[in-house]
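Participant: The following file, target_7.cif, comprises mmCIF, C-alpha atoms and all ligand atoms:
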```
data_model
loop_
_atom_site.label_atom_id
_atom_site.label_comp_id
_atom_site.auth_asym_id
_atom_site.auth_seq_id
_atom_site.Cartn_x
_atom_site.Cartn_y
_atom_site.Cartn_z
CA MET A 1 73.05 94.44 130.57
CA ASP A 2 74.23 90.87 129.88
CA ASN A 3 77.20 89.32 131.64
CA PHE A 4 79.50 89.43 128.59
CA ARG A 5 78.81 93.13 128.07
CA GLN A 6 79.53 93.83 131.74
CA ARG A 7 82.85 92.02 131.44
CA ILE A 8 83.85 93.92 128.28
CA GLU A 9 82.88 97.26 129.78
CA GLY A 10 84.68 96.36 132.99
CA LEU A 11 87.83 95.68 130.88
CA ASP A 12 87.92 92.19 132.37
CA LEU A 13 91.26 90.67 131.32
CA SER A 14 89.96 87.13 131.88
CA LEU A 15 88.33 87.53 128.45
CA PHE A 16 91.83 86.83 127.13
CA ASP A 17 92.44 83.77 129.32
CA LYS A 18 91.73 81.00 126.80
CA VAL A 19 94.17 81.84 123.99
CA HIS A 20 97.63 83.35 124.38
CA SER A 21 97.90 86.82 122.84
CA GLN A 22 101.18 88.58 122.05
CA THR A 23 100.02 91.69 123.89
CA SER A 24 100.57 93.27 127.32
CA PRO A 25 97.79 93.62 129.96
CA ASN A 26 97.50 97.33 129.09
CA ASP A 27 97.20 96.52 125.36
CA LYS A 28 94.43 94.06 126.20
CA ARG A 29 92.59 96.69 128.29
CA SER A 30 92.83 99.09 125.36
CA PHE A 31 91.49 96.43 122.96
CA LEU A 32 88.53 95.76 125.28
CA ALA A 33 87.80 99.48 125.65
CA ILE A 34 87.83 99.83 121.83
CA GLU A 35 85.55 96.79 121.40
CA ALA A 36 83.11 98.09 124.05
CA ALA A 37 83.08 101.57 122.51
CA THR A 38 82.49 100.10 119.00
CA GLY A 39 79.54 98.15 120.39
CA GLU A 40 78.14 101.38 121.84
CA LEU A 41 78.53 103.31 118.58
CA THR A 42 76.93 100.70 116.28
CA ASP A 43 73.92 98.41 116.04
CA GLY A 44 76.21 95.45 115.53
CA PHE A 45 79.57 95.61 113.77
CA THR A 46 82.09 93.77 111.57
CA TYR A 47 85.68 93.27 112.76
CA LEU A 48 88.66 92.69 110.47
CA GLU A 49 92.04 91.65 111.80
CA ILE A 50 95.35 91.35 109.93
CA GLY A 51 97.72 89.12 111.92
CA SER A 52 95.91 86.67 114.18
CA TYR A 53 98.56 84.01 114.97
CA LEU A 54 97.04 81.83 117.73
CA GLY A 55 93.77 83.78 117.90
CA GLY A 56 94.63 85.75 121.05
CA SER A 57 93.31 89.11 119.90
CA LEU A 58 90.29 87.49 118.18
CA GLN A 59 88.96 85.74 121.29
CA PRO A 60 86.84 88.59 122.76
CA TYR A 61 85.20 89.10 119.35
CA VAL A 62 84.15 85.49 118.69
CA ALA A 63 82.18 85.64 121.95
CA ASP A 64 80.73 89.13 121.44
CA GLY A 65 77.10 89.03 120.25
CA ARG A 66 77.36 92.61 118.98
CA CYS A 67 80.11 91.59 116.54
CA GLY A 68 78.17 89.89 113.72
CA ARG A 69 81.02 89.12 111.32
CA ILE A 70 84.80 88.65 111.57
CA PHE A 71 87.52 88.52 108.91
CA SER A 72 90.91 87.18 109.97
CA ILE A 73 93.70 87.73 107.44
CA ASP A 74 97.02 86.01 108.09
CA LEU A 75 99.68 84.99 105.58
CA ARG A 76 100.92 82.34 108.06
CA PRO A 77 104.62 82.64 107.18
CA LYS A 78 107.23 80.75 109.20
CA GLU A 79 109.33 83.89 109.34
CA SER A 80 108.24 87.51 109.11
CA ALA A 81 110.35 90.63 108.45
CA ASP A 82 110.39 93.14 111.31
CA ASP A 83 111.63 96.73 111.59
CA ARG A 84 113.31 95.93 114.93
CA GLY A 85 115.95 94.42 112.64
CA VAL A 86 115.46 90.73 113.45
CA SER A 87 112.81 88.54 111.77
CA GLN A 88 110.03 87.04 113.89
CA ILE A 89 109.88 83.22 113.78
CA TYR A 90 106.43 81.64 114.21
CA HIS A 91 106.17 78.00 115.23
CA ASP A 92 103.24 75.86 114.11
CA ASN A 93 101.57 78.96 112.65
CA THR A 94 98.39 77.50 111.16
CA THR A 95 94.77 78.54 110.88
CA ALA A 96 93.72 75.04 112.02
CA ARG A 97 95.59 75.54 115.29
CA MET A 98 94.01 78.97 115.77
CA LEU A 99 90.50 77.60 115.18
CA GLU A 100 91.13 74.80 117.68
CA ASN A 101 92.15 77.42 120.24
CA LEU A 102 89.10 79.59 119.57
CA ARG A 103 86.73 76.63 119.95
CA GLY A 104 87.71 76.63 123.64
CA VAL A 105 86.46 80.21 124.21
CA ASP A 106 83.22 80.38 126.24
CA GLY A 107 80.33 81.47 124.04
CA ALA A 108 82.42 81.39 120.85
CA ASP A 109 80.50 81.54 117.58
CA LEU A 110 82.93 80.56 114.85
CA SER A 111 80.26 80.54 112.14
CA LYS A 112 80.76 84.32 111.81
CA LEU A 113 84.52 83.96 111.25
CA THR A 114 86.12 83.95 107.76
CA CYS A 115 89.85 83.18 107.65
CA ILE A 116 91.96 84.23 104.69
CA ASP A 117 95.53 82.86 104.56
CA ALA A 118 97.14 85.52 102.38
CA ASP A 119 98.85 88.89 102.25
CA VAL A 120 96.46 91.76 101.51
CA LYS A 121 98.18 92.38 98.16
CA ASP A 122 96.71 89.05 96.96
CA ILE A 123 93.18 89.51 98.34
CA ASP A 124 90.29 90.74 96.22
CA PRO A 125 88.76 93.56 98.34
CA SER A 126 85.24 92.45 97.29
CA ARG A 127 85.70 89.37 99.54
CA ILE A 128 85.37 91.68 102.55
CA ASP A 129 81.62 92.09 102.82
CA PRO A 130 80.01 93.51 104.95
CA ALA A 131 82.39 96.43 105.36
CA PRO A 132 84.17 96.40 108.75
CA GLU A 133 83.70 99.28 111.16
CA LEU A 134 86.73 98.15 113.15
CA CYS A 135 90.11 96.89 111.85
CA LEU A 136 93.20 95.75 113.75
CA ILE A 137 96.58 95.69 112.00
CA ASP A 138 99.06 93.38 113.74
CA GLY A 139 100.69 91.49 110.83
CA GLU A 140 104.22 92.00 109.46
CA HIS A 141 105.82 94.69 111.63
CA THR A 142 107.49 96.77 108.94
CA ASP A 143 106.53 100.26 107.82
CA GLU A 144 106.13 99.00 104.26
CA ALA A 145 103.78 96.08 105.06
CA THR A 146 101.79 98.17 107.56
CA TRP A 147 101.22 100.78 104.87
CA ARG A 148 99.88 98.07 102.53
CA ASP A 149 97.64 96.71 105.28
CA TYR A 150 96.39 100.22 106.07
CA LYS A 151 95.56 100.97 102.43
CA PHE A 152 93.64 97.69 102.19
CA CYS A 153 91.67 98.51 105.35
CA ARG A 154 90.84 101.98 104.05
CA GLU A 155 89.55 100.45 100.83
CA VAL A 156 87.28 97.85 102.44
CA MET A 157 86.12 99.53 105.66
CA ALA A 158 82.93 101.46 106.34
CA SER A 159 83.07 105.24 105.79
CA ASN A 160 82.81 105.74 109.56
CA GLY A 161 85.10 103.41 111.45
CA ALA A 162 88.47 102.93 113.13
CA ILE A 163 91.78 101.29 112.30
CA VAL A 164 93.82 100.11 115.27
CA PHE A 165 97.54 99.27 115.11
CA HIS A 166 99.44 97.14 117.56
CA ASP A 167 103.16 97.72 118.31
CA ALA A 168 103.04 101.40 117.39
CA MET A 169 106.58 101.84 118.78
CA ILE A 170 107.89 99.73 115.86
CA ILE A 171 105.86 100.94 112.88
CA TYR A 172 105.76 104.64 113.91
CA ASN A 173 107.17 105.87 110.56
CA CYS A 174 104.18 104.35 108.81
CA LEU A 175 101.82 105.90 111.39
CA ASP A 176 103.39 109.29 110.72
CA ARG A 177 102.90 108.75 106.97
CA ILE A 178 99.23 107.80 107.52
CA VAL A 179 98.46 110.83 109.67
CA THR A 180 100.27 113.14 107.23
CA GLU A 181 98.33 111.74 104.28
CA LEU A 182 94.97 111.94 106.05
CA ALA A 183 95.64 115.58 106.99
CA SER A 184 96.77 116.52 103.49
CA GLU A 185 93.69 114.87 101.94
CA GLY A 186 91.38 116.75 104.30
CA VAL A 187 89.88 113.52 105.67
CA LYS A 188 88.07 113.89 108.99
CA PHE A 189 90.08 111.83 111.46
CA ARG A 190 91.43 111.62 115.00
CA ALA A 191 94.57 109.67 115.92
CA TYR A 192 95.97 108.79 119.33
CA ASN A 193 97.97 106.24 121.26
CA LEU A 194 96.47 104.06 123.99
CA PRO A 195 98.49 102.09 126.54
CA ASP A 196 100.82 100.47 125.97
CA VAL A 197 101.44 100.49 122.21
CA VAL A 198 97.99 100.63 120.62
CA PHE A 199 97.50 103.37 118.01
CA VAL A 200 93.96 104.30 116.99
CA VAL A 201 92.88 106.18 113.88
CA GLU A 202 89.19 107.14 113.94
CA ILE A 203 87.98 107.93 110.43
CA GLY A 204 84.87 109.97 109.65
CA ASP A 205 82.33 110.06 112.43
CA PHE A 206 83.42 107.33 114.82
CA PRO A 207 84.17 108.94 118.20
CA LEU A 208 85.50 105.99 120.21
CA HIS A 209 87.39 108.53 122.33
CA ARG A 210 84.13 109.71 123.92
CA SER A 211 83.65 106.44 125.79
CA GLN A 212 84.67 106.84 129.43
CA SER A 213 87.35 104.16 129.53
CA ILE A 214 89.13 105.56 126.46
CA THR A 215 88.85 109.13 127.80
CA ASP A 216 90.46 107.92 131.05
CA MET A 217 93.33 106.30 129.14
CA LEU A 218 93.86 109.44 127.06
CA THR A 219 93.94 111.66 130.13
CA ASN A 220 96.66 109.46 131.61
CA ASN A 221 98.68 109.42 128.40
CA HIS A 222 101.95 109.11 130.33
CA VAL A 223 101.44 105.32 130.35
CA GLY A 224 101.85 104.74 126.61
CA TYR A 225 104.25 107.67 126.15
CA LEU A 226 106.74 106.43 128.74
CA HIS A 227 106.33 102.80 127.72
CA SER A 228 107.27 103.63 124.12
CA LEU A 229 110.25 105.81 125.14
CA LYS A 230 111.53 103.08 127.46
CA PHE A 231 111.27 100.58 124.59
CA THR A 232 113.44 102.80 122.38
CA ASP A 233 115.91 103.41 125.23
CA GLN A 234 117.86 100.32 124.09
CA TYR A 235 118.80 102.22 120.93
CA ARG A 236 119.91 105.30 122.92
CA ARG A 237 122.02 103.11 125.22
CA PHE A 238 123.65 101.64 122.12
CA ALA A 239 124.26 105.06 120.52
CA ASN A 240 125.73 106.38 123.78
CA ARG A 241 128.53 103.78 123.80
CA TRP A 242 132.09 104.39 122.79
CA PRO A 243 133.08 105.07 119.96
CA PHE A 244 129.81 106.78 118.93
CA THR A 245 129.99 109.31 121.77
CA ALA A 246 133.63 110.04 120.98
CA ILE A 247 132.78 110.68 117.32
CA ARG A 248 129.98 113.06 118.36
CA GLN A 249 132.33 114.87 120.77
CA VAL A 250 134.93 115.34 118.06
CA LYS A 251 132.27 116.55 115.63
CA ALA A 252 130.95 119.09 118.19
CA ARG A 253 134.48 120.43 118.86
CA PHE A 254 135.22 120.57 115.13
CA THR A 255 132.01 122.42 114.23
CA GLY A 256 132.24 124.63 117.34
CA SER A 257 128.85 123.66 118.79
CA ASN A 258 126.22 120.94 119.01
CA VAL A 259 123.44 123.19 120.35
CA THR A 260 120.49 123.78 118.05
CA LYS A 261 119.76 127.51 117.67
C1 LIG A 301 102.32 89.56 116.20
S1 LIG A 301 101.48 88.20 115.45
C2 LIG A 301 99.80 88.54 115.77
C3 LIG A 301 99.46 88.41 117.20
C4 LIG A 301 98.00 88.39 117.53
N1 LIG A 301 97.30 89.56 117.01
C5 LIG A 301 97.85 88.28 119.03
O1 LIG A 301 97.15 89.07 119.64
O2 LIG A 301 98.47 87.41 119.61
C6 LIG A 301 101.69 88.58 113.77
C7 LIG A 301 100.94 87.69 112.82
O3 LIG A 301 101.04 88.31 111.54
C8 LIG A 301 101.15 87.29 110.57
N2 LIG A 301 101.76 87.88 109.36
C9 LIG A 301 103.08 88.04 109.09
N3 LIG A 301 103.23 88.61 107.89
C10 LIG A 301 101.99 88.82 107.39
C11 LIG A 301 101.50 89.39 106.19
N4 LIG A 301 102.32 89.87 105.24
N5 LIG A 301 100.16 89.45 106.02
C12 LIG A 301 99.31 88.97 106.97
N6 LIG A 301 99.73 88.43 108.12
C13 LIG A 301 101.05 88.36 108.34
C14 LIG A 301 101.96 86.22 111.23
O4 LIG A 301 101.68 84.96 110.63
C15 LIG A 301 101.49 86.28 112.67
O5 LIG A 301 100.46 85.33 112.89
#
```
Any chance you could give the structure as structure tokens?
Ligand SMILES: C[S@@+](CC[C@H](N)C(=O)[O-])C[C@H]1O[C@@H](n2cnc3c(N)ncnc32)[C@H](O)[C@@H]1O

Facilitator:
Amino acid sequence: MDNFRQRIEGLDLSLFDKVHSQTSPNDKRSFLAIEAATGELTDGFTYLEIGSYLGGSLQPYVADGRCGRIFSIDLRPKESADDRGVSQIYHDNTTARMLENLRGVDGADLSKLTCIDADVKDIDPSRIDPAPELCLIDGEHTDEATWRDYKFCREVMASNGAIVFHDAMIIYNCLDRIVTELASEGVKFRAYNLPDVVFVVEIGDFPLHRSQSITDMLTNNHVGYLHSLKFTDQYRRFANRWPFTAIRQVKARFTGSNVTK
């Protein structure tokens, strides 16, 4: 086994050292486990990413010999809507800057990378060839945009593959919509959360979950579960302030109960 493969399979976080990624150490471990498992399931694969910013989440792929082709889609806006309620502001958000960063990654092969500066609604799906087995959605963090990104990925991806979402604790309404639609259409799929906030949808026959590192993460699912609840705790703390609690108390007294039967 070559050194790079050993590092990926060992979930070696130093693979993310060269370019800053807007992800936690646990997210990065999950990404590496997914990349390693994709390598195991395929004889070489294509990776598509929506939302690359500085290239942080791309860096382990540009150096991975088993990943033969990469598509990076990024609209490169200065400001992006976000379902946390406050827009995200991106400084110096250019593809040129990202490419400069990625050139510094050991073993990087940028000849396999195609960058598309656009929103998926303006991209001709036929540009995505070969079909990706693995997609990451980490672009505009709204339910609406994530749904668009998901539909695009479904259209262009291989029949057996996986779509991975970052920041699941923000775009969870869209994830619920996706899972509901897949179930109602009778599509073969599996969906689960990995630490901290990485949501995986396996479509068709693409059992990433069978790889040991993903199985271990799934068995210890308290990590992502508690992380996501603690993130949303800020909203509970807000809702539990006066006057909201007082209004709820009055309502409970008025209606006679607040206990669900
Ligand atoms: C959270 S950052 C991506 C972080 C990156 N994946 C990492 O690991 O550091 C989100 C990126 O999505 C891009 N973006 C925002 N709106 C978009 C849209 N509608 N379509 C594609 N990309 C978008 C932004 O330019 C930004 O680079």

Participant: Could you list, with a cut-off of 8 Å and counting only C-alpha atoms and all ligand atoms, the residues of chain A near ligand LIG 301 (chain A), each shown with its nearest atom pair and the distance in Å rounded to one decimal, rows sorted by chain and ascending number, as JSON lines?

Facilitator:
```
{"residue": "A:His20", "atom": "CA", "partner": "A:LIG301", "partner_atom": "O2", "distance": 6.3}
{"residue": "A:Ser21", "atom": "CA", "partner": "A:LIG301", "partner_atom": "O2", "distance": 3.3}
{"residue": "A:Gln22", "atom": "CA", "partner": "A:LIG301", "partner_atom": "O2", "distance": 3.8}
{"residue": "A:Thr23", "atom": "CA", "partner": "A:LIG301", "partner_atom": "O1", "distance": 5.8}
{"residue": "A:Glu49", "atom": "CA", "partner": "A:LIG301", "partner_atom": "N1", "distance": 7.7}
{"residue": "A:Ile50", "atom": "CA", "partner": "A:LIG301", "partner_atom": "C12", "distance": 5.5}
{"residue": "A:Gly51", "atom": "CA", "partner": "A:LIG301", "partner_atom": "O3", "distance": 3.4}
{"residue": "A:Ser52", "atom": "CA", "partner": "A:LIG301", "partner_atom": "N1", "distance": 4.3}
{"residue": "A:Tyr53", "atom": "CA", "partner": "A:LIG301", "partner_atom": "O5", "distance": 3.1}
{"residue": "A:Leu54", "atom": "CA", "partner": "A:LIG301", "partner_atom": "O2", "distance": 6.1}
{"residue": "A:Gly55", "atom": "CA", "partner": "A:LIG301", "partner_atom": "C5", "distance": 6.2}
{"residue": "A:Gly56", "atom": "CA", "partner": "A:LIG301", "partner_atom": "O1", "distance": 4.4}
{"residue": "A:Ser57", "atom": "CA", "partner": "A:LIG301", "partner_atom": "O1", "distance": 3.8}
{"residue": "A:Leu58", "atom": "CA", "partner": "A:LIG301", "partner_atom": "O1", "distance": 7.2}
{"residue": "A:Ile73", "atom": "CA", "partner": "A:LIG301", "partner_atom": "C12", "distance": 5.8}
{"residue": "A:Asp74", "atom": "CA", "partner": "A:LIG301", "partner_atom": "N6", "distance": 3.6}
{"residue": "A:Leu75", "atom": "CA", "partner": "A:LIG301", "partner_atom": "C12", "distance": 4.2}
{"residue": "A:Arg76", "atom": "CA", "partner": "A:LIG301", "partner_atom": "O4", "distance": 3.7}
{"residue": "A:Pro77", "atom": "CA", "partner": "A:LIG301", "partner_atom": "O4", "distance": 5.1}
{"residue": "A:Lys78", "atom": "CA", "partner": "A:LIG301", "partner_atom": "O4", "distance": 7.1}
{"residue": "A:Glu79", "atom": "CA", "partner": "A:LIG301", "partner_atom": "C9", "distance": 7.5}
{"residue": "A:Ser80", "atom": "CA", "partner": "A:LIG301", "partner_atom": "C9", "distance": 5.2}
{"residue": "A:Ala81", "atom": "CA", "partner": "A:LIG301", "partner_atom": "N3", "distance": 7.4}
{"residue": "A:Tyr90", "atom": "CA", "partner": "A:LIG301", "partner_atom": "O4", "distance": 6.8}
{"residue": "A:Asn93", "atom": "CA", "partner": "A:LIG301", "partner_atom": "O4", "distance": 6.3}
{"residue": "A:Asp117", "atom": "CA", "partner": "A:LIG301", "partner_atom": "C12", "distance": 7.6}
{"residue": "A:Ala118", "atom": "CA", "partner": "A:LIG301", "partner_atom": "C12", "distance": 6.1}
{"residue": "A:Asp119", "atom": "CA", "partner": "A:LIG301", "partner_atom": "N5", "distance": 4.0}
{"residue": "A:Val120", "atom": "CA", "partner": "A:LIG301", "partner_atom": "N5", "distance": 6.3}
{"residue": "A:Ile137", "atom": "CA", "partner": "A:LIG301", "partner_atom": "N1", "distance": 7.9}
{"residue": "A:Asp138", "atom": "CA", "partner": "A:LIG301", "partner_atom": "C2", "distance": 5.3}
{"residue": "A:Gly139", "atom": "CA", "partner": "A:LIG301", "partner_atom": "O3", "distance": 3.3}
{"residue": "A:Glu140", "atom": "CA", "partner": "A:LIG301", "partner_atom": "N3", "distance": 3.9}
{"residue": "A:His141", "atom": "CA", "partner": "A:LIG301", "partner_atom": "N3", "distance": 7.6}
{"residue": "A:Ala145", "atom": "CA", "partner": "A:LIG301", "partner_atom": "N4", "distance": 6.4}
{"residue": "A:Asp149", "atom": "CA", "partner": "A:LIG301", "partner_atom": "N5", "distance": 7.7}
{"residue": "A:His166", "atom": "CA", "partner": "A:LIG301", "partner_atom": "N1", "distance": 7.9}
```

Participant: Need to verify the contact set: Asp2 of chain A, 12 Å, all atoms listed in the file, exclusion of same-chain residues closer than 6 positions in sequence. Can you return it as a list of chain:residue names?

Facilitator: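 The neighbour list is A:Ile8, A:Glu9, A:Asp64, A:Gly65, A:Arg66.
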
Participant: Using Å and a single decimal, report how far atom CA of Thr38 of chain A sits from atom CA of Ile178 of chain A.

Facilitator: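 Computing the Euclidean distance for atom CA of Ile178 of chain A and atom CA of Thr38 of chain A yields 21.7 Å.
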
Participant: Hey, which bits of segment 112-186 of chain A sit within 12 Å of segment 96-102 of chain A, and for each residue what's the closest pair of atoms and how far apart in Å (one decimal), counting only C-alpha atoms, rows by chain and increasing number, as a Markdown table?

Facilitator:
```
| residue | atom | partner | partner_atom | distance |
| --- | --- | --- | --- | --- |
| A:Leu113 | CA | A:Leu99 | CA | 9.6 |
| A:Thr114 | CA | A:Leu99 | CA | 10.7 |
| A:Cys115 | CA | A:Leu99 | CA | 9.4 |
| A:Ile116 | CA | A:Ala96 | CA | 11.9 |
| A:Asp117 | CA | A:Ala96 | CA | 11.0 |
```

Participant: Choose the residue, out of A:Asn193, A:Ser126, A:Ser213, A:Asn240, that has the smallest atom-to-atom separation from Met157 of chain A; count all atoms listed in the file.

Facilitator: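 Of all the options, A:Ser126 lies closest to Met157 of chain A.
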
Participant: So the first atom is atom CA of Gly85 of chain A and the second is atom CA of Gly224 of chain A; what is the distance between them in Å, to one decimal place?

Facilitator: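 Taking atom CA of Gly85 of chain A as the start and atom CA of Gly224 of chain A as the end point, the length is 22.4 Å.
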
Participant: As an exercise, work out the distance from atom CA of Leu15 of chain A to atom CA of Pro60 of chain A in Å and give it to one decimal place.

Facilitator: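 Computing it gives 6.0 Å between the two atoms.
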
Participant: Taking only residues of segment 17-117 of chain A that have an atom at most 12 Å from an atom of segment 219-223 of chain A, what is each one's shortest atom pair and its distance in Å to one decimal, using only C-alpha atoms, in chain and number order, as a Markdown table?

Facilitator:
```
| residue | atom | partner | partner_atom | distance |
| --- | --- | --- | --- | --- |
| A:Asn26 | CA | A:Val223 | CA | 9.0 |
| A:Asp27 | CA | A:Val223 | CA | 11.0 |
| A:Ser30 | CA | A:Val223 | CA | 11.7 |
```

Participant: Using only C-alpha atoms, find the one residue out of A:His209, A:Lys18, A:Arg237, A:Lys230 that sits nearest to Asp106 of chain A.

Facilitator: A:Lys18

Participant: Go through A:Phe16, A:Tyr61, A:Phe71, A:Phe31 and flag the residue nearest Gly44 of chain A, using only C-alpha atoms for the distances.

Facilitator: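 That would be A:Tyr61, the residue with the smallest distance to Gly44 of chain A.
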
Participant: Taking (88.1, 100.7, 104.0) in the file's coordinates, which residues come within 12 Å, counting only C-alpha atoms, written as a PDB file with C-alpha atoms, keeping the file's coordinate frame?

Facilitator:
```
ATOM      1  CA  THR A  46      82.090  93.770 111.570  1.00  0.00           C
ATOM      2  CA  TYR A  47      85.680  93.270 112.760  1.00  0.00           C
ATOM      3  CA  LEU A  48      88.660  92.690 110.470  1.00  0.00           C
ATOM      4  CA  PRO A 125      88.760  93.560  98.340  1.00  0.00           C
ATOM      5  CA  SER A 126      85.240  92.450  97.290  1.00  0.00           C
ATOM      6  CA  ILE A 128      85.370  91.680 102.550  1.00  0.00           C
ATOM      7  CA  ASP A 129      81.620  92.090 102.820  1.00  0.00           C
ATOM      8  CA  PRO A 130      80.010  93.510 104.950  1.00  0.00           C
ATOM      9  CA  ALA A 131      82.390  96.430 105.360  1.00  0.00           C
ATOM     10  CA  PRO A 132      84.170  96.400 108.750  1.00  0.00           C
ATOM     11  CA  GLU A 133      83.700  99.280 111.160  1.00  0.00           C
ATOM     12  CA  LEU A 134      86.730  98.150 113.150  1.00  0.00           C
ATOM     13  CA  CYS A 135      90.110  96.890 111.850  1.00  0.00           C
ATOM     14  CA  ASP A 149      97.640  96.710 105.280  1.00  0.00           C
ATOM     15  CA  TYR A 150      96.390 100.220 106.070  1.00  0.00           C
ATOM     16  CA  LYS A 151      95.560 100.970 102.430  1.00  0.00           C
ATOM     17  CA  PHE A 152      93.640  97.690 102.190  1.00  0.00           C
ATOM     18  CA  CYS A 153      91.670  98.510 105.350  1.00  0.00           C
ATOM     19  CA  ARG A 154      90.840 101.980 104.050  1.00  0.00           C
ATOM     20  CA  GLU A 155      89.550 100.450 100.830  1.00  0.00           C
ATOM     21  CA  VAL A 156      87.280  97.850 102.440  1.00  0.00           C
ATOM     22  CA  MET A 157      86.120  99.530 105.660  1.00  0.00           C
ATOM     23  CA  ALA A 158      82.930 101.460 106.340  1.00  0.00           C
ATOM     24  CA  SER A 159      83.070 105.240 105.790  1.00  0.00           C
ATOM     25  CA  ASN A 160      82.810 105.740 109.560  1.00  0.00           C
ATOM     26  CA  GLY A 161      85.100 103.410 111.450  1.00  0.00           C
ATOM     27  CA  ALA A 162      88.470 102.930 113.130  1.00  0.00           C
ATOM     28  CA  ILE A 163      91.780 101.290 112.300  1.00  0.00           C
ATOM     29  CA  GLU A 202      89.190 107.140 113.940  1.00  0.00           C
ATOM     30  CA  ILE A 203      87.980 107.930 110.430  1.00  0.00           C
ATOM     31  CA  GLY A 204      84.870 109.970 109.650  1.00  0.00           C
TER      32      GLY A 204
END
```

Participant: For a quick check of understanding, using all atoms listed in the file, which of A:Ser211, A:Ser257, A:Ser87, A:Thr94 has the smallest distance to Leu32 of chain A?

Facilitator: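 Smallest distance to Leu32 of chain A is found for A:Ser211.
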
Participant: So, counting all atoms listed in the file, which residue among A:Thr95, A:Phe4, A:Asp196, A:Arg210 is closest to Leu226 of chain A?

Facilitator: A:Asp196
